[in-house]
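Peer 1: Input structure: model.cif, which contains mmCIF, C-alpha atoms.
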```cif
data_protein
loop_
_atom_site.label_atom_id
_atom_site.label_comp_id
_atom_site.auth_asym_id
_atom_site.auth_seq_id
_atom_site.Cartn_x
_atom_site.Cartn_y
_atom_site.Cartn_z
CA MET A 1 -91.42 52.29 -19.89
CA LEU A 2 -90.77 48.58 -20.53
CA GLU A 3 -90.18 47.28 -17.01
CA GLN A 4 -93.83 47.17 -15.95
CA PRO A 5 -95.11 45.57 -19.18
CA ILE A 6 -92.39 42.89 -18.92
CA ARG A 7 -93.15 42.31 -15.24
CA ASN A 8 -96.89 42.03 -16.04
CA TYR A 9 -96.13 39.57 -18.85
CA LEU A 10 -93.96 37.32 -16.66
CA ASP A 11 -96.49 37.41 -13.82
CA ARG A 12 -99.25 36.42 -16.26
CA MET A 13 -97.19 33.59 -17.70
CA ARG A 14 -96.59 32.15 -14.22
CA ARG A 15 -100.16 32.72 -13.07
CA GLN A 16 -101.56 30.89 -16.10
CA GLY A 17 -99.11 28.02 -15.70
CA LEU A 18 -97.39 28.80 -19.00
CA MET A 19 -94.03 29.29 -17.31
CA PRO A 20 -92.83 27.24 -14.33
CA ASP A 21 -93.48 29.21 -11.16
CA ASP A 22 -90.01 28.51 -9.80
CA ALA A 23 -88.27 29.31 -13.09
CA VAL A 24 -85.78 32.18 -13.04
CA TRP A 25 -86.30 34.29 -16.14
CA GLU A 26 -83.07 34.35 -18.09
CA GLY A 27 -83.97 37.27 -20.35
CA PHE A 28 -85.17 37.59 -23.91
CA LYS A 29 -83.00 35.69 -26.37
CA CYS A 30 -84.47 36.34 -29.84
CA VAL A 31 -86.58 38.91 -31.70
CA LEU A 32 -89.29 38.01 -34.22
CA PHE A 33 -90.36 40.79 -36.60
CA ASP A 34 -93.34 41.09 -38.87
CA MET A 35 -92.36 42.53 -42.27
CA ASP A 36 -95.00 44.82 -43.77
CA GLY A 37 -95.75 47.83 -41.60
CA VAL A 38 -92.90 46.97 -39.20
CA LEU A 39 -89.72 46.78 -41.26
CA TYR A 40 -91.07 48.29 -44.49
CA ASN A 41 -93.50 51.17 -44.94
CA SER A 42 -95.38 48.99 -47.41
CA MET A 43 -98.90 48.90 -46.02
CA PRO A 44 -100.19 51.93 -47.98
CA ASN A 45 -99.24 50.11 -51.20
CA HIS A 46 -100.78 46.86 -49.99
CA ALA A 47 -104.01 48.69 -49.16
CA ILE A 48 -104.23 50.14 -52.67
CA ALA A 49 -103.47 46.80 -54.35
CA TRP A 50 -105.98 44.94 -52.16
CA GLN A 51 -108.76 47.41 -52.93
CA GLN A 52 -108.10 47.34 -56.68
CA ALA A 53 -107.86 43.55 -56.87
CA MET A 54 -110.90 42.83 -54.73
CA LYS A 55 -112.98 45.32 -56.74
CA GLN A 56 -112.25 43.30 -59.89
CA TYR A 57 -113.90 40.31 -58.24
CA GLY A 58 -116.89 42.21 -56.89
CA ILE A 59 -115.69 42.34 -53.28
CA HIS A 60 -115.87 45.55 -51.25
CA PHE A 61 -112.58 45.99 -49.43
CA THR A 62 -111.37 49.16 -47.69
CA ALA A 63 -107.97 50.43 -46.62
CA GLU A 64 -109.02 49.74 -43.02
CA ASP A 65 -109.78 46.13 -44.03
CA ALA A 66 -106.24 45.83 -45.40
CA TYR A 67 -104.74 46.96 -42.09
CA ALA A 68 -107.15 44.89 -39.99
CA THR A 69 -106.36 41.65 -41.87
CA GLU A 70 -102.66 42.34 -42.46
CA GLY A 71 -100.48 39.44 -41.42
CA MET A 72 -102.93 36.76 -42.47
CA ARG A 73 -102.14 34.61 -45.49
CA GLY A 74 -103.50 36.45 -48.52
CA ILE A 75 -105.53 33.49 -49.74
CA ASP A 76 -107.16 33.20 -46.29
CA THR A 77 -108.24 36.85 -46.44
CA ILE A 78 -109.71 36.35 -49.91
CA ARG A 79 -111.62 33.22 -48.93
CA ILE A 80 -113.08 34.92 -45.85
CA TYR A 81 -114.31 37.96 -47.77
CA ALA A 82 -115.61 35.94 -50.71
CA GLN A 83 -117.69 33.78 -48.39
CA ARG A 84 -118.85 36.76 -46.33
CA GLN A 85 -119.89 38.95 -49.26
CA ARG A 86 -120.64 36.54 -52.11
CA GLY A 87 -121.53 33.40 -50.22
CA GLU A 88 -118.85 31.48 -52.13
CA ILE A 89 -116.45 28.95 -50.67
CA LEU A 90 -113.36 29.32 -52.81
CA THR A 91 -110.73 26.64 -53.20
CA GLU A 92 -107.16 27.57 -52.34
CA GLU A 93 -106.37 27.49 -56.07
CA GLU A 94 -109.16 29.98 -56.86
CA ALA A 95 -108.07 32.27 -54.04
CA GLN A 96 -104.44 32.00 -55.17
CA ARG A 97 -105.37 33.26 -58.65
CA MET A 98 -107.03 36.28 -57.07
CA TYR A 99 -104.03 36.82 -54.81
CA ASP A 100 -101.73 36.66 -57.83
CA GLU A 101 -103.65 39.61 -59.31
CA LYS A 102 -103.25 41.52 -56.04
CA THR A 103 -99.51 40.77 -56.19
CA ARG A 104 -99.29 42.02 -59.79
CA LEU A 105 -100.97 45.29 -58.86
CA PHE A 106 -98.75 45.71 -55.80
CA HIS A 107 -95.59 45.48 -57.88
CA LEU A 108 -96.81 48.24 -60.20
CA LEU A 109 -96.61 50.69 -57.30
CA PRO A 110 -93.45 52.52 -56.13
CA GLU A 111 -91.16 50.35 -54.01
CA ALA A 112 -91.73 50.77 -50.28
CA GLN A 113 -88.76 51.77 -48.15
CA LEU A 114 -87.49 50.63 -44.77
CA PHE A 115 -88.81 52.59 -41.81
CA GLU A 116 -86.43 54.99 -40.11
CA GLY A 117 -84.73 53.21 -37.23
CA VAL A 118 -84.89 49.68 -38.64
CA ILE A 119 -81.20 49.31 -39.49
CA SER A 120 -80.01 50.83 -36.21
CA LEU A 121 -82.37 48.56 -34.24
CA LEU A 122 -81.30 45.42 -36.10
CA ARG A 123 -77.67 46.35 -35.54
CA LEU A 124 -78.26 46.77 -31.79
CA ILE A 125 -79.99 43.39 -31.62
CA LYS A 126 -77.16 41.72 -33.52
CA GLU A 127 -74.57 43.34 -31.23
CA ALA A 128 -76.49 41.88 -28.27
CA GLY A 129 -76.03 38.40 -29.79
CA MET A 130 -79.75 37.80 -30.29
CA PRO A 131 -80.99 35.93 -33.38
CA ILE A 132 -83.43 37.80 -35.62
CA CYS A 133 -86.30 36.13 -37.45
CA VAL A 134 -88.91 37.63 -39.79
CA VAL A 135 -92.41 36.18 -39.56
CA THR A 136 -94.64 37.30 -42.41
CA GLY A 137 -97.93 36.17 -43.89
CA SER A 138 -96.67 37.20 -47.31
CA GLY A 139 -96.54 34.70 -50.13
CA GLN A 140 -94.77 37.10 -52.47
CA ARG A 141 -91.37 35.58 -53.21
CA PRO A 142 -89.84 38.85 -54.55
CA LEU A 143 -90.55 40.52 -51.20
CA ILE A 144 -89.02 37.62 -49.31
CA ALA A 145 -85.96 37.75 -51.57
CA ARG A 146 -85.70 41.48 -50.92
CA LEU A 147 -85.39 40.77 -47.18
CA THR A 148 -82.25 38.72 -47.60
CA HIS A 149 -80.84 41.14 -50.18
CA GLU A 150 -81.29 44.31 -48.13
CA LEU A 151 -81.03 42.86 -44.62
CA GLY A 152 -78.54 40.07 -45.27
CA GLU A 153 -76.25 41.46 -42.57
CA PHE A 154 -78.85 40.41 -40.01
CA LEU A 155 -80.96 37.74 -41.68
CA ASP A 156 -80.81 34.69 -43.92
CA GLU A 157 -83.50 32.63 -45.63
CA GLN A 158 -83.43 30.03 -42.84
CA HIS A 159 -84.72 32.72 -40.46
CA ILE A 160 -87.79 33.74 -42.45
CA VAL A 161 -91.26 32.33 -41.81
CA SER A 162 -93.65 33.01 -44.70
CA ALA A 163 -96.98 31.75 -46.00
CA TYR A 164 -95.07 28.75 -47.38
CA ASN A 165 -93.87 27.55 -43.96
CA VAL A 166 -97.18 27.11 -42.14
CA LYS A 167 -100.64 25.82 -42.99
CA ARG A 168 -102.35 28.05 -40.44
CA GLY A 169 -101.39 31.69 -40.79
CA LYS A 170 -101.90 34.58 -38.40
CA PRO A 171 -103.92 35.04 -36.15
CA ALA A 172 -103.09 31.41 -35.28
CA PRO A 173 -99.92 31.11 -33.18
CA ASP A 174 -98.24 28.76 -35.66
CA PRO A 175 -96.11 31.35 -37.54
CA TYR A 176 -94.56 32.72 -34.36
CA LEU A 177 -94.06 29.28 -32.85
CA LYS A 178 -92.25 28.39 -36.09
CA GLY A 179 -90.21 31.57 -35.66
CA LEU A 180 -89.11 30.50 -32.17
CA GLU A 181 -88.06 27.16 -33.65
CA LEU A 182 -86.03 28.70 -36.48
CA ALA A 183 -84.42 31.26 -34.19
CA GLY A 184 -83.01 28.48 -32.00
CA ASN A 185 -85.79 26.38 -30.45
CA PHE A 186 -86.52 29.03 -27.85
CA LYS A 187 -89.34 28.98 -25.31
CA PRO A 188 -92.14 31.58 -25.62
CA TRP A 189 -90.86 33.71 -22.73
CA GLU A 190 -87.45 33.90 -24.40
CA GLY A 191 -88.76 35.72 -27.46
CA ILE A 192 -90.05 39.15 -28.43
CA VAL A 193 -92.61 39.70 -31.18
CA VAL A 194 -92.73 43.08 -32.96
CA GLU A 195 -96.02 43.58 -34.82
CA ASN A 196 -98.10 46.37 -36.30
CA ALA A 197 -101.40 44.63 -37.08
CA PRO A 198 -104.21 43.28 -34.89
CA MET A 199 -104.06 39.80 -36.47
CA GLY A 200 -100.29 39.64 -36.01
CA VAL A 201 -100.50 40.83 -32.41
CA LYS A 202 -103.16 38.19 -31.78
CA ALA A 203 -100.81 35.53 -33.21
CA GLY A 204 -97.91 36.64 -31.02
CA SER A 205 -100.12 36.71 -27.94
CA ALA A 206 -101.60 33.30 -28.79
CA ALA A 207 -98.04 31.95 -28.95
CA HIS A 208 -97.54 33.40 -25.41
CA ILE A 209 -94.63 35.58 -26.55
CA PHE A 210 -93.99 39.10 -25.22
CA THR A 211 -95.57 41.20 -27.97
CA ILE A 212 -94.67 44.79 -28.80
CA GLY A 213 -97.17 46.62 -30.99
CA VAL A 214 -95.72 49.25 -33.31
CA ASN A 215 -98.67 51.29 -34.53
CA SER A 216 -97.55 52.46 -37.96
CA GLY A 217 -101.06 52.55 -39.44
CA PRO A 218 -104.43 54.30 -39.05
CA LEU A 219 -105.96 51.93 -36.50
CA PRO A 220 -106.13 53.08 -32.85
CA ASP A 221 -103.72 51.73 -30.25
CA THR A 222 -106.69 50.03 -28.61
CA SER A 223 -107.02 47.72 -31.62
CA LEU A 224 -103.58 46.29 -30.80
CA LEU A 225 -104.03 46.27 -27.04
CA ALA A 226 -107.36 44.45 -27.41
CA GLU A 227 -105.62 41.61 -29.25
CA GLY A 228 -102.99 41.16 -26.56
CA ALA A 229 -100.14 43.62 -27.18
CA ASP A 230 -98.09 43.93 -23.99
CA VAL A 231 -97.07 47.46 -24.92
CA VAL A 232 -97.77 49.73 -27.92
CA LEU A 233 -95.19 52.13 -29.37
CA ALA A 234 -95.59 54.79 -32.04
CA SER A 235 -92.76 53.67 -34.32
CA ILE A 236 -89.89 51.27 -34.84
CA LYS A 237 -87.57 54.22 -34.15
CA GLU A 238 -89.07 54.49 -30.66
CA LEU A 239 -88.27 50.82 -30.07
CA ALA A 240 -84.68 51.45 -31.20
CA ASN A 241 -84.45 54.29 -28.67
CA LEU A 242 -85.82 52.02 -25.92
CA TRP A 243 -83.51 49.11 -26.75
CA PRO A 244 -80.83 50.07 -24.15
CA GLU A 245 -83.53 49.93 -21.47
CA LEU A 246 -84.60 46.48 -22.62
CA LEU A 247 -81.00 45.27 -22.57
CA TYR A 248 -80.60 46.66 -19.05
CA LEU A 249 -83.67 44.71 -17.92
CA ASN A 250 -82.30 41.61 -19.64
CA ASN A 251 -79.00 42.03 -17.80
CA CYS A 252 -80.84 42.47 -14.50
CA ARG A 253 -82.48 39.07 -14.84
CA ASP A 254 -80.44 37.71 -11.94
CA ASN A 255 -81.44 40.65 -9.74
CA THR A 256 -84.58 39.45 -7.98
CA LYS A 257 -85.51 43.03 -7.10
CA VAL A 258 -86.05 43.86 -10.77
CA LEU A 259 -87.98 41.23 -12.71
CA ASN A 260 -87.84 37.90 -10.91
CA HIS A 261 -89.70 37.04 -7.72
CA ASP A 262 -89.08 39.57 -4.93
#
```
Show me the file's structure as structure tokens.

Peer 2:
Amino acid sequence: MLEQPIRNYLDRMRRQGLMPDDAVWEGFKCVLFDMDGVLYNSMPNHAIAWQQAMKQYGIHFTAEDAYATEGMRGIDTIRIYAQRQRGEILTEEEAQRMYDEKTRLFHLLPEAQLFEGVISLLRLIKEAGMPICVVTGSGQRPLIARLTHELGEFLDEQHIVSAYNVKRGKPAPDPYLKGLELAGNFKPWEGIVVENAPMGVKAGSAAHIFTIGVNSGPLPDTSLLAEGADVVLASIKELANLWPELLYLNNCRDNTKVLNHD
């Protein structure tokens, strides 16, 4: 299932001059995960908190809007919708106050749990010797602290990109380029992005990284494919089940009949 998407990705990278034509692909070397909707089943709670907070400020915001804008910095989402619906250009400080209210409402809801398959997948990646990095648009420090507390076996604070690390959030490529840097200064074709949201997929694609869409929400697969997902899966558990295949393809990198030039 993964061989053709990887082959298509490498061919595109060479054709567009983003990877040297004579370069021998040496396999993927790191994995960059989004947090909400990929590691944690937290998007339903985010959707509720977004709708409640935006309503307080006279902004119409749906659950679909929450999924469609997920991955962007929260203050960027607020500024876009305030200008679009109220004709107001908010300062970052004004948007931050509104985002703080969204954060307060979010933490009143039941704590979201890890998706089934996350721990087994992270363990397989660690056993393969590949660094793991989380790239999130979140500015909620308790959520970021939870990552290192619950996933400390696989992750430390130096391998987390959040809203505090970049000025331009998703869908700009900056967060995932920063993730490549923190993971070990890897090149785009040496990384894998795992995303659930259109804006996050767009960021991974803009960074020219092989991007796997995990569609854990209500949007159609086409919404991820349209933004540049190289392949779309139904769940993180499915990716865990496919991991041996990906490792096999990685290990075949010196076999020109598989993924390099024939």

Peer 1: Pick out the closest residue to Asp156 in chain A from this set: A:Pro198, A:Pro131, A:Gly58, A:Pro218. Count all atoms listed in the file.

Peer 2: A:Pro131

Peer 1: Excluding same-chain residues fewer than 4 positions from Pro244 in chain A, what lies within 12 Å of it counting only C-alpha atoms, as number ranges by chain?

Peer 2: A: 1-2, 121, 124-125, 127-128, 238-240, 248-251

Peer 1: Determine, counting only C-alpha atoms, which protein, DNA and RNA residues have an atom within 12 Å of an atom of Glu157 in chain A; residues of the same chain fewer than 5 positions away are not included. Present the result as a PDB file with C-alpha atoms, keeping the file's coordinate frame.

Peer 2:
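Saved as out14.pdb:
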```
ATOM      1  CA  ILE A 132     -83.430  37.800 -35.620  1.00  0.00           C
ATOM      2  CA  CYS A 133     -86.300  36.130 -37.450  1.00  0.00           C
ATOM      3  CA  VAL A 134     -88.910  37.630 -39.790  1.00  0.00           C
ATOM      4  CA  VAL A 135     -92.410  36.180 -39.560  1.00  0.00           C
ATOM      5  CA  ARG A 141     -91.370  35.580 -53.210  1.00  0.00           C
ATOM      6  CA  LEU A 143     -90.550  40.520 -51.200  1.00  0.00           C
ATOM      7  CA  ILE A 144     -89.020  37.620 -49.310  1.00  0.00           C
ATOM      8  CA  ALA A 145     -85.960  37.750 -51.570  1.00  0.00           C
ATOM      9  CA  ARG A 146     -85.700  41.480 -50.920  1.00  0.00           C
ATOM     10  CA  LEU A 147     -85.390  40.770 -47.180  1.00  0.00           C
ATOM     11  CA  THR A 148     -82.250  38.720 -47.600  1.00  0.00           C
ATOM     12  CA  HIS A 149     -80.840  41.140 -50.180  1.00  0.00           C
ATOM     13  CA  LEU A 151     -81.030  42.860 -44.620  1.00  0.00           C
ATOM     14  CA  GLY A 152     -78.540  40.070 -45.270  1.00  0.00           C
ATOM     15  CA  SER A 162     -93.650  33.010 -44.700  1.00  0.00           C
ATOM     16  CA  ASN A 165     -93.870  27.550 -43.960  1.00  0.00           C
ATOM     17  CA  LEU A 182     -86.030  28.700 -36.480  1.00  0.00           C
ATOM     18  CA  ALA A 183     -84.420  31.260 -34.190  1.00  0.00           C
TER      19      ALA A 183
END
```

Peer 1: Considering all atoms listed in the file, state which residue in the set A:Gly191, A:Ile212, A:Gly169, A:Glu64 is at the smallest distance from Ala47 in chain A.

Peer 2: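 Under the stated criterion, the closest residue is A:Glu64.
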
Peer 1: Point out the residue among A:Ile59, A:Val232, A:Val193, A:Tyr67 with the least atom-to-atom distance to Arg79 in chain A, counting only C-alpha atoms.

Peer 2: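 The answer is A:Ile59, which sits nearest to Arg79 in chain A.
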
Peer 1: For Pro44 in chain A, which residue out of A:Thr222, A:Thr62, A:Gln16, A:Gln158 is the nearest one, using only C-alpha atoms?

Peer 2: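 The closest residue to Pro44 in chain A is A:Thr62.
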
Peer 1: Please provide the set of residues having any atom within 12 Å of Pro175 in chain A, restricted to only C-alpha atoms, with same-chain residues fewer than 3 positions apart removed, written as a PyMOL selection string.

Peer 2: chain A and resi 32-34+71-73+133-138+159-172+178-182+193+199-207+209

Peer 1: For Thr103 in chain A, find every residue with an atom within 12 Å (counting all atoms listed in the file), except residues of its own chain fewer than 3 positions away, and show them as a PyMOL selection string.

Peer 2: chain A and resi 45-54+74-75+96-100+106-109+138-143

Peer 1: Can you work out which one of A:Asn196, A:Ser120, A:Ser42, A:Asn241 has the shortest atom-to-atom distance to Asp221 in chain A, counting all atoms listed in the file?

Peer 2: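 Checking each of A:Asn196, A:Ser120, A:Ser42, A:Asn241 against Asp221 in chain A, counting all atoms listed in the file, the winner is A:Asn196.
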
Peer 1: Apply the PyMOL selection byres ((chain A and resi 113) around 10) to the structure shown and report the selected residues as a list in words.

Peer 2: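 Output of the PyMOL selection byres ((chain A and resi 113) around 10): Leu39, Tyr40, Asn41, Ser42, Pro110, Glu111, Ala112, Leu114, Phe115 and Glu116 of chain A.
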
Peer 1: Those residues with C-alpha atoms, as a compact mmCIF listing (two decimals), keeping the file's coordinate frame please?

Peer 2:
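again00.txt, written as the output of this step:
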```txt
# COMPACT_ATOMS: atom_id res chain seq x y z
CA LEU A 39 -89.72 46.78 -41.26
CA TYR A 40 -91.07 48.29 -44.49
CA ASN A 41 -93.50 51.17 -44.94
CA SER A 42 -95.38 48.99 -47.41
CA PRO A 110 -93.45 52.52 -56.13
CA GLU A 111 -91.16 50.35 -54.01
CA ALA A 112 -91.73 50.77 -50.28
CA LEU A 114 -87.49 50.63 -44.77
CA PHE A 115 -88.81 52.59 -41.81
CA GLU A 116 -86.43 54.99 -40.11
```

Peer 1: What separation in Å, quoted to one decimal, exists between CA of Val118 in chain A and CA of Glu190 in chain A?

Peer 2: 21.4 Å

Peer 1: One decimal, Å: what's the distance from CA of Ser235 in chain A over to CA of Asp76 in chain A, could you say?

Peer 2: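 Separating CA of Ser235 in chain A from CA of Asp76 in chain A is a distance of 27.7 Å.
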
Peer 1: From the block you just saw, export range 196-207 of chain A: N, CA and C atoms, as a PDB file, in the first residue's frame.

Peer 2:
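Output file selection-v8.pdb follows:
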```
ATOM      1  N   ASN A 196      -3.644  14.980  10.558  1.00  0.00           N
ATOM      2  CA  ASN A 196      -5.063  14.675  10.409  1.00  0.00           C
ATOM      3  C   ASN A 196      -5.864  15.807   9.791  1.00  0.00           C
ATOM      4  N   ALA A 197      -5.282  17.003   9.694  1.00  0.00           N
ATOM      5  CA  ALA A 197      -6.039  18.190   9.316  1.00  0.00           C
ATOM      6  C   ALA A 197      -5.546  18.774   7.997  1.00  0.00           C
ATOM      7  N   PRO A 198      -6.457  19.362   7.208  1.00  0.00           N
ATOM      8  CA  PRO A 198      -6.043  19.957   5.938  1.00  0.00           C
ATOM      9  C   PRO A 198      -4.913  20.968   6.067  1.00  0.00           C
ATOM     10  N   MET A 199      -4.973  21.853   7.077  1.00  0.00           N
ATOM     11  CA  MET A 199      -3.934  22.873   7.220  1.00  0.00           C
ATOM     12  C   MET A 199      -2.592  22.244   7.586  1.00  0.00           C
ATOM     13  N   GLY A 200      -2.631  21.187   8.394  1.00  0.00           N
ATOM     14  CA  GLY A 200      -1.393  20.498   8.746  1.00  0.00           C
ATOM     15  C   GLY A 200      -0.806  19.737   7.580  1.00  0.00           C
ATOM     16  N   VAL A 201      -1.668  19.082   6.812  1.00  0.00           N
ATOM     17  CA  VAL A 201      -1.214  18.384   5.605  1.00  0.00           C
ATOM     18  C   VAL A 201      -0.586  19.380   4.639  1.00  0.00           C
ATOM     19  N   LYS A 202      -1.230  20.528   4.485  1.00  0.00           N
ATOM     20  CA  LYS A 202      -0.699  21.560   3.594  1.00  0.00           C
ATOM     21  C   LYS A 202       0.680  22.012   4.051  1.00  0.00           C
ATOM     22  N   ALA A 203       0.882  22.119   5.368  1.00  0.00           N
ATOM     23  CA  ALA A 203       2.188  22.516   5.905  1.00  0.00           C
ATOM     24  C   ALA A 203       3.246  21.460   5.624  1.00  0.00           C
ATOM     25  N   GLY A 204       2.900  20.188   5.840  1.00  0.00           N
ATOM     26  CA  GLY A 204       3.851  19.111   5.558  1.00  0.00           C
ATOM     27  C   GLY A 204       4.221  19.054   4.092  1.00  0.00           C
ATOM     28  N   SER A 205       3.216  19.208   3.229  1.00  0.00           N
ATOM     29  CA  SER A 205       3.462  19.191   1.789  1.00  0.00           C
ATOM     30  C   SER A 205       4.296  20.391   1.363  1.00  0.00           C
ATOM     31  N   ALA A 206       4.008  21.562   1.950  1.00  0.00           N
ATOM     32  CA  ALA A 206       4.772  22.763   1.612  1.00  0.00           C
ATOM     33  C   ALA A 206       6.227  22.644   2.038  1.00  0.00           C
ATOM     34  N   ALA A 207       6.477  21.834   3.078  1.00  0.00           N
ATOM     35  CA  ALA A 207       7.852  21.579   3.520  1.00  0.00           C
ATOM     36  C   ALA A 207       8.514  20.487   2.688  1.00  0.00           C
TER      37      ALA A 207
END
```
